[in-house]
$ cat target-v1.json   # JSON, C-alpha atoms
[["chain", "number", "residue", "atom", "x", "y", "z"],
["A", 1, "MET", "CA", 80.74, 60.19, 52.84],
["A", 2, "ILE", "CA", 79.63, 62.89, 55.27],
["A", 3, "ILE", "CA", 76.97, 60.64, 56.77],
["A", 4, "SER", "CA", 79.43, 57.80, 57.35],
["A", 5, "GLU", "CA", 81.85, 60.20, 59.10],
["A", 6, "ALA", "CA", 79.04, 61.52, 61.30],
["A", 7, "LEU", "CA", 78.02, 57.98, 62.26],
["A", 8, "LYS", "CA", 81.62, 57.11, 63.20],
["A", 9, "ASN", "CA", 81.80, 60.16, 65.48],
["A", 10, "LEU", "CA", 78.58, 59.21, 67.24],
["A", 11, "VAL", "CA", 80.14, 56.08, 68.72],
["A", 12, "LYS", "CA", 83.58, 57.51, 69.58],
["A", 13, "LYS", "CA", 84.45, 58.51, 73.13],
["A", 14, "PRO", "CA", 84.74, 62.27, 73.76],
["A", 15, "PHE", "CA", 88.12, 63.79, 73.01],
["A", 16, "THR", "CA", 87.91, 66.35, 75.80],
["A", 17, "ILE", "CA", 88.18, 65.65, 79.51],
["A", 18, "ASP", "CA", 85.60, 66.50, 82.17],
["A", 19, "TYR", "CA", 87.39, 69.44, 83.75],
["A", 20, "PRO", "CA", 88.09, 69.94, 86.65],
["A", 21, "LYS", "CA", 87.38, 66.33, 87.66],
["A", 22, "GLY", "CA", 89.43, 64.78, 84.88],
["A", 23, "ARG", "CA", 92.54, 66.95, 84.98],
["A", 24, "ALA", "CA", 95.49, 66.25, 82.73],
["A", 25, "LYS", "CA", 97.93, 63.86, 84.38],
["A", 26, "LYS", "CA", 101.09, 65.63, 83.25],
["A", 27, "MET", "CA", 101.73, 68.91, 81.50],
["A", 28, "PRO", "CA", 103.91, 68.99, 78.36],
["A", 29, "GLU", "CA", 107.65, 69.37, 78.97],
["A", 30, "LEU", "CA", 107.89, 72.96, 77.68],
["A", 31, "PHE", "CA", 104.65, 74.15, 79.31],
["A", 32, "ARG", "CA", 104.87, 77.69, 80.69],
["A", 33, "GLY", "CA", 102.81, 77.96, 83.86],
["A", 34, "LYS", "CA", 103.33, 80.13, 86.94],
["A", 35, "HIS", "CA", 106.85, 81.48, 87.35],
["A", 36, "VAL", "CA", 109.24, 80.18, 89.99],
["A", 37, "PHE", "CA", 111.90, 82.69, 91.07],
["A", 38, "HIS", "CA", 115.10, 81.40, 92.71],
["A", 39, "ARG", "CA", 116.28, 84.37, 94.73],
["A", 40, "ASP", "CA", 119.51, 82.66, 95.76],
["A", 41, "LYS", "CA", 120.58, 82.40, 92.09],
["A", 42, "CYS", "CA", 119.65, 85.96, 91.04],
["A", 43, "ILE", "CA", 122.55, 88.36, 90.38],
["A", 44, "GLY", "CA", 120.35, 91.42, 89.81],
["A", 45, "CYS", "CA", 121.46, 92.00, 86.21],
["A", 46, "GLY", "CA", 118.01, 93.17, 85.06],
["A", 47, "LEU", "CA", 118.01, 91.30, 81.74],
["A", 48, "CYS", "CA", 114.63, 89.78, 82.50],
["A", 49, "GLU", "CA", 113.11, 93.24, 83.02],
["A", 50, "LYS", "CA", 114.73, 94.71, 79.89],
["A", 51, "ASN", "CA", 113.55, 91.88, 77.64],
["A", 52, "CYS", "CA", 109.98, 91.54, 78.94],
["A", 53, "PRO", "CA", 107.59, 92.62, 76.15],
["A", 54, "SER", "CA", 104.67, 93.15, 78.55],
["A", 55, "GLU", "CA", 106.80, 95.05, 81.11],
["A", 56, "CYS", "CA", 105.48, 92.93, 83.95],
["A", 57, "ILE", "CA", 108.86, 92.45, 85.67],
["A", 58, "LYS", "CA", 110.43, 94.94, 88.07],
["A", 59, "VAL", "CA", 113.95, 94.31, 89.36],
["A", 60, "ARG", "CA", 115.22, 95.62, 92.70],
["A", 61, "LYS", "CA", 118.94, 95.28, 92.00],
["A", 62, "GLU", "CA", 120.22, 96.14, 95.47],
["A", 63, "GLU", "CA", 118.08, 93.38, 96.99],
["A", 64, "LYS", "CA", 118.54, 90.98, 94.05],
["A", 65, "ARG", "CA", 114.77, 90.54, 93.93],
["A", 66, "ILE", "CA", 112.20, 90.74, 91.21],
["A", 67, "THR", "CA", 108.45, 91.12, 91.12],
["A", 68, "ILE", "CA", 106.51, 89.49, 88.29],
["A", 69, "ARG", "CA", 102.93, 90.63, 87.70],
["A", 70, "LEU", "CA", 101.05, 87.57, 86.49],
["A", 71, "ASP", "CA", 98.01, 89.67, 85.59],
["A", 72, "THR", "CA", 99.94, 91.35, 82.76],
["A", 73, "CYS", "CA", 102.41, 88.58, 81.86],
["A", 74, "ILE", "CA", 101.94, 86.92, 78.47],
["A", 75, "PHE", "CA", 103.99, 83.85, 79.51],
["A", 76, "CYS", "CA", 106.31, 84.16, 76.51],
["A", 77, "GLY", "CA", 109.36, 82.79, 78.36],
["A", 78, "LEU", "CA", 111.82, 85.52, 77.37],
["A", 79, "CYS", "CA", 112.65, 86.23, 81.02],
["A", 80, "ARG", "CA", 113.71, 82.63, 81.53],
["A", 81, "ASP", "CA", 115.60, 82.49, 78.24],
["A", 82, "VAL", "CA", 117.76, 85.58, 78.89],
["A", 83, "CYS", "CA", 118.56, 84.88, 82.54],
["A", 84, "PRO", "CA", 122.28, 83.97, 82.65],
["A", 85, "VAL", "CA", 121.95, 82.08, 85.96],
["A", 86, "ASP", "CA", 118.58, 80.33, 85.43],
["A", 87, "ALA", "CA", 116.92, 82.17, 88.33],
["A", 88, "ILE", "CA", 113.52, 82.05, 86.61],
["A", 89, "GLU", "CA", 111.71, 78.92, 85.56],
["A", 90, "PHE", "CA", 108.12, 77.92, 84.91],
["A", 91, "SER", "CA", 106.01, 75.51, 86.90],
["A", 92, "ASP", "CA", 103.12, 73.44, 85.60],
["A", 93, "LYS", "CA", 100.62, 75.47, 87.67],
["A", 94, "PHE", "CA", 98.15, 77.14, 85.32],
["A", 95, "GLU", "CA", 95.08, 77.74, 87.47],
["A", 96, "LEU", "CA", 95.84, 81.32, 88.46],
["A", 97, "SER", "CA", 92.37, 82.78, 89.04],
["A", 98, "THR", "CA", 91.99, 84.44, 92.39],
["A", 99, "LYS", "CA", 89.94, 87.02, 94.24],
["A", 100, "ASP", "CA", 93.07, 88.44, 95.90],
["A", 101, "LYS", "CA", 95.21, 90.45, 93.49],
["A", 102, "GLU", "CA", 98.27, 89.99, 95.72],
["A", 103, "GLU", "CA", 98.35, 86.32, 94.71],
["A", 104, "LEU", "CA", 99.10, 87.44, 91.13],
["A", 105, "PHE", "CA", 102.58, 88.66, 92.08],
["A", 106, "VAL", "CA", 105.68, 86.46, 92.14],
["A", 107, "ASP", "CA", 108.47, 87.77, 94.41]]

$ encode --input "target-v1.json" --output "structure tokens"
Amino acid sequence: MIISEALKNLVKKPFTIDYPKGRAKKMPELFRGKHVFHRDKCIGCGLCEKNCPSECIKVRKEEKRITIRLDTCIFCGLCRDVCPVDAIEFSDKFELSTKDKEELFVD
């Protein structure tokens, strides 16, 4: 039984893709990639900052701006879920490595 299973797997195509050449065509619908902040929608309520378990969000209420630190974010989605005006959403961008730390901030 084990030998027959091993022989079957020898002739199957690989399950994984050759990354980065063979990137996934489309990310799943609920995928949580890099944040997108819609400043025009923000009302400065601060719910995203209060509910963030990793404390990576800082709200500047008077400017109605936020800063999200992607280097400490756990991408849980609570900020998006509690926002009453949908000012935060997630993109399908997941390749966030960089040599410049400033690129790890979303304003």

$ residues_around --input "target-v1.json" --residues "range 66-80 of chain A" --least-positions-apart "6" --cutoff "9 Å" --atoms "all atoms listed in the file" --output "ChimeraX atom specification"
/A:32-35,37,39,42,44,46-60,86-90,96,101,103-107

$ write_last_selection --input "target-v1.json" --atoms "C-alpha atoms" --output "PDB file, in the frame of the given file"
ATOM      1  CA  ARG A  32     104.870  77.690  80.690  1.00  0.00           C
ATOM      2  CA  GLY A  33     102.810  77.960  83.860  1.00  0.00           C
ATOM      3  CA  LYS A  34     103.330  80.130  86.940  1.00  0.00           C
ATOM      4  CA  HIS A  35     106.850  81.480  87.350  1.00  0.00           C
ATOM      5  CA  PHE A  37     111.900  82.690  91.070  1.00  0.00           C
ATOM      6  CA  ARG A  39     116.280  84.370  94.730  1.00  0.00           C
ATOM      7  CA  CYS A  42     119.650  85.960  91.040  1.00  0.00           C
ATOM      8  CA  GLY A  44     120.350  91.420  89.810  1.00  0.00           C
ATOM      9  CA  GLY A  46     118.010  93.170  85.060  1.00  0.00           C
ATOM     10  CA  LEU A  47     118.010  91.300  81.740  1.00  0.00           C
ATOM     11  CA  CYS A  48     114.630  89.780  82.500  1.00  0.00           C
ATOM     12  CA  GLU A  49     113.110  93.240  83.020  1.00  0.00           C
ATOM     13  CA  LYS A  50     114.730  94.710  79.890  1.00  0.00           C
ATOM     14  CA  ASN A  51     113.550  91.880  77.640  1.00  0.00           C
ATOM     15  CA  CYS A  52     109.980  91.540  78.940  1.00  0.00           C
ATOM     16  CA  PRO A  53     107.590  92.620  76.150  1.00  0.00           C
ATOM     17  CA  SER A  54     104.670  93.150  78.550  1.00  0.00           C
ATOM     18  CA  GLU A  55     106.800  95.050  81.110  1.00  0.00           C
ATOM     19  CA  CYS A  56     105.480  92.930  83.950  1.00  0.00           C
ATOM     20  CA  ILE A  57     108.860  92.450  85.670  1.00  0.00           C
ATOM     21  CA  LYS A  58     110.430  94.940  88.070  1.00  0.00           C
ATOM     22  CA  VAL A  59     113.950  94.310  89.360  1.00  0.00           C
ATOM     23  CA  ARG A  60     115.220  95.620  92.700  1.00  0.00           C
ATOM     24  CA  ASP A  86     118.580  80.330  85.430  1.00  0.00           C
ATOM     25  CA  ALA A  87     116.920  82.170  88.330  1.00  0.00           C
ATOM     26  CA  ILE A  88     113.520  82.050  86.610  1.00  0.00           C
ATOM     27  CA  GLU A  89     111.710  78.920  85.560  1.00  0.00           C
ATOM     28  CA  PHE A  90     108.120  77.920  84.910  1.00  0.00           C
ATOM     29  CA  LEU A  96      95.840  81.320  88.460  1.00  0.00           C
ATOM     30  CA  LYS A 101      95.210  90.450  93.490  1.00  0.00           C
ATOM     31  CA  GLU A 103      98.350  86.320  94.710  1.00  0.00           C
ATOM     32  CA  LEU A 104      99.100  87.440  91.130  1.00  0.00           C
ATOM     33  CA  PHE A 105     102.580  88.660  92.080  1.00  0.00           C
ATOM     34  CA  VAL A 106     105.680  86.460  92.140  1.00  0.00           C
ATOM     35  CA  ASP A 107     108.470  87.770  94.410  1.00  0.00           C
TER      36      ASP A 107
END

$ atom_distance --input "target-v1.json" --atom1 "CA of Cys83 in chain A" --atom2 "CA of Cys45 in chain A"
8.5 Å

$ atom_distance --input "target-v1.json" --atom1 "CA of Lys21 in chain A" --atom2 "CA of Glu95 in chain A"
13.8 Å

$ closest_residue --input "target-v1.json" --among "A:Glu63, A:Asp40, A:Lys93, A:Val85" --to "Met27 in chain A" --atoms "all atoms listed in the file"
A:Lys93

$ atom_distance --input "target-v1.json" --atom1 "CA of Phe94 in chain A" --atom2 "CA of Lys41 in chain A"
24.0 Å

$ build_atoms --input "target-v1.json" --residues "range 61-81 of chain A" --atoms "N, CA and C atoms" --output "PDB file, in the frame of the given file"
ATOM      1  N   LYS A  61     117.565  95.773  92.128  1.00  0.00           N
ATOM      2  CA  LYS A  61     118.940  95.280  92.000  1.00  0.00           C
ATOM      3  C   LYS A  61     119.668  95.169  93.332  1.00  0.00           C
ATOM      4  N   GLU A  62     119.499  96.165  94.201  1.00  0.00           N
ATOM      5  CA  GLU A  62     120.220  96.140  95.470  1.00  0.00           C
ATOM      6  C   GLU A  62     119.803  94.961  96.349  1.00  0.00           C
ATOM      7  N   GLU A  63     118.565  94.519  96.215  1.00  0.00           N
ATOM      8  CA  GLU A  63     118.080  93.380  96.990  1.00  0.00           C
ATOM      9  C   GLU A  63     118.195  92.059  96.225  1.00  0.00           C
ATOM     10  N   LYS A  64     118.515  92.151  94.935  1.00  0.00           N
ATOM     11  CA  LYS A  64     118.540  90.980  94.050  1.00  0.00           C
ATOM     12  C   LYS A  64     117.189  90.267  94.094  1.00  0.00           C
ATOM     13  N   ARG A  65     116.139  91.057  93.928  1.00  0.00           N
ATOM     14  CA  ARG A  65     114.770  90.540  93.930  1.00  0.00           C
ATOM     15  C   ARG A  65     114.034  91.056  92.722  1.00  0.00           C
ATOM     16  N   ILE A  66     113.059  90.297  92.301  1.00  0.00           N
ATOM     17  CA  ILE A  66     112.200  90.740  91.210  1.00  0.00           C
ATOM     18  C   ILE A  66     110.746  90.562  91.621  1.00  0.00           C
ATOM     19  N   THR A  67     109.889  91.308  90.963  1.00  0.00           N
ATOM     20  CA  THR A  67     108.450  91.120  91.120  1.00  0.00           C
ATOM     21  C   THR A  67     107.883  90.893  89.733  1.00  0.00           C
ATOM     22  N   ILE A  68     107.152  89.811  89.568  1.00  0.00           N
ATOM     23  CA  ILE A  68     106.510  89.490  88.290  1.00  0.00           C
ATOM     24  C   ILE A  68     105.010  89.627  88.484  1.00  0.00           C
ATOM     25  N   ARG A  69     104.388  90.448  87.650  1.00  0.00           N
ATOM     26  CA  ARG A  69     102.930  90.630  87.700  1.00  0.00           C
ATOM     27  C   ARG A  69     102.293  89.618  86.747  1.00  0.00           C
ATOM     28  N   LEU A  70     101.670  88.610  87.308  1.00  0.00           N
ATOM     29  CA  LEU A  70     101.050  87.570  86.490  1.00  0.00           C
ATOM     30  C   LEU A  70      99.797  88.052  85.777  1.00  0.00           C
ATOM     31  N   ASP A  71      99.212  89.156  86.249  1.00  0.00           N
ATOM     32  CA  ASP A  71      98.010  89.670  85.590  1.00  0.00           C
ATOM     33  C   ASP A  71      98.313  90.370  84.277  1.00  0.00           C
ATOM     34  N   THR A  72      99.573  90.731  84.040  1.00  0.00           N
ATOM     35  CA  THR A  72      99.940  91.350  82.760  1.00  0.00           C
ATOM     36  C   THR A  72     100.927  90.508  81.953  1.00  0.00           C
ATOM     37  N   CYS A  73     101.441  89.452  82.550  1.00  0.00           N
ATOM     38  CA  CYS A  73     102.410  88.580  81.860  1.00  0.00           C
ATOM     39  C   CYS A  73     101.740  87.824  80.716  1.00  0.00           C
ATOM     40  N   ILE A  74     102.466  87.686  79.605  1.00  0.00           N
ATOM     41  CA  ILE A  74     101.940  86.920  78.470  1.00  0.00           C
ATOM     42  C   ILE A  74     102.582  85.529  78.394  1.00  0.00           C
ATOM     43  N   PHE A  75     103.387  85.176  79.391  1.00  0.00           N
ATOM     44  CA  PHE A  75     103.990  83.850  79.510  1.00  0.00           C
ATOM     45  C   PHE A  75     104.780  83.455  78.255  1.00  0.00           C
ATOM     46  N   CYS A  76     105.541  84.408  77.729  1.00  0.00           N
ATOM     47  CA  CYS A  76     106.310  84.160  76.510  1.00  0.00           C
ATOM     48  C   CYS A  76     107.610  83.398  76.791  1.00  0.00           C
ATOM     49  N   GLY A  77     108.144  83.507  77.997  1.00  0.00           N
ATOM     50  CA  GLY A  77     109.360  82.790  78.360  1.00  0.00           C
ATOM     51  C   GLY A  77     110.648  83.530  78.111  1.00  0.00           C
ATOM     52  N   LEU A  78     110.592  84.775  77.636  1.00  0.00           N
ATOM     53  CA  LEU A  78     111.820  85.520  77.370  1.00  0.00           C
ATOM     54  C   LEU A  78     112.617  85.767  78.645  1.00  0.00           C
ATOM     55  N   CYS A  79     111.944  85.994  79.761  1.00  0.00           N
ATOM     56  CA  CYS A  79     112.650  86.230  81.020  1.00  0.00           C
ATOM     57  C   CYS A  79     113.506  85.021  81.395  1.00  0.00           C
ATOM     58  N   ARG A  80     112.962  83.858  81.230  1.00  0.00           N
ATOM     59  CA  ARG A  80     113.710  82.630  81.530  1.00  0.00           C
ATOM     60  C   ARG A  80     114.857  82.437  80.547  1.00  0.00           C
ATOM     61  N   ASP A  81     114.591  82.715  79.276  1.00  0.00           N
ATOM     62  CA  ASP A  81     115.600  82.490  78.240  1.00  0.00           C
ATOM     63  C   ASP A  81     116.816  83.390  78.382  1.00  0.00           C
TER      64      ASP A  81
END
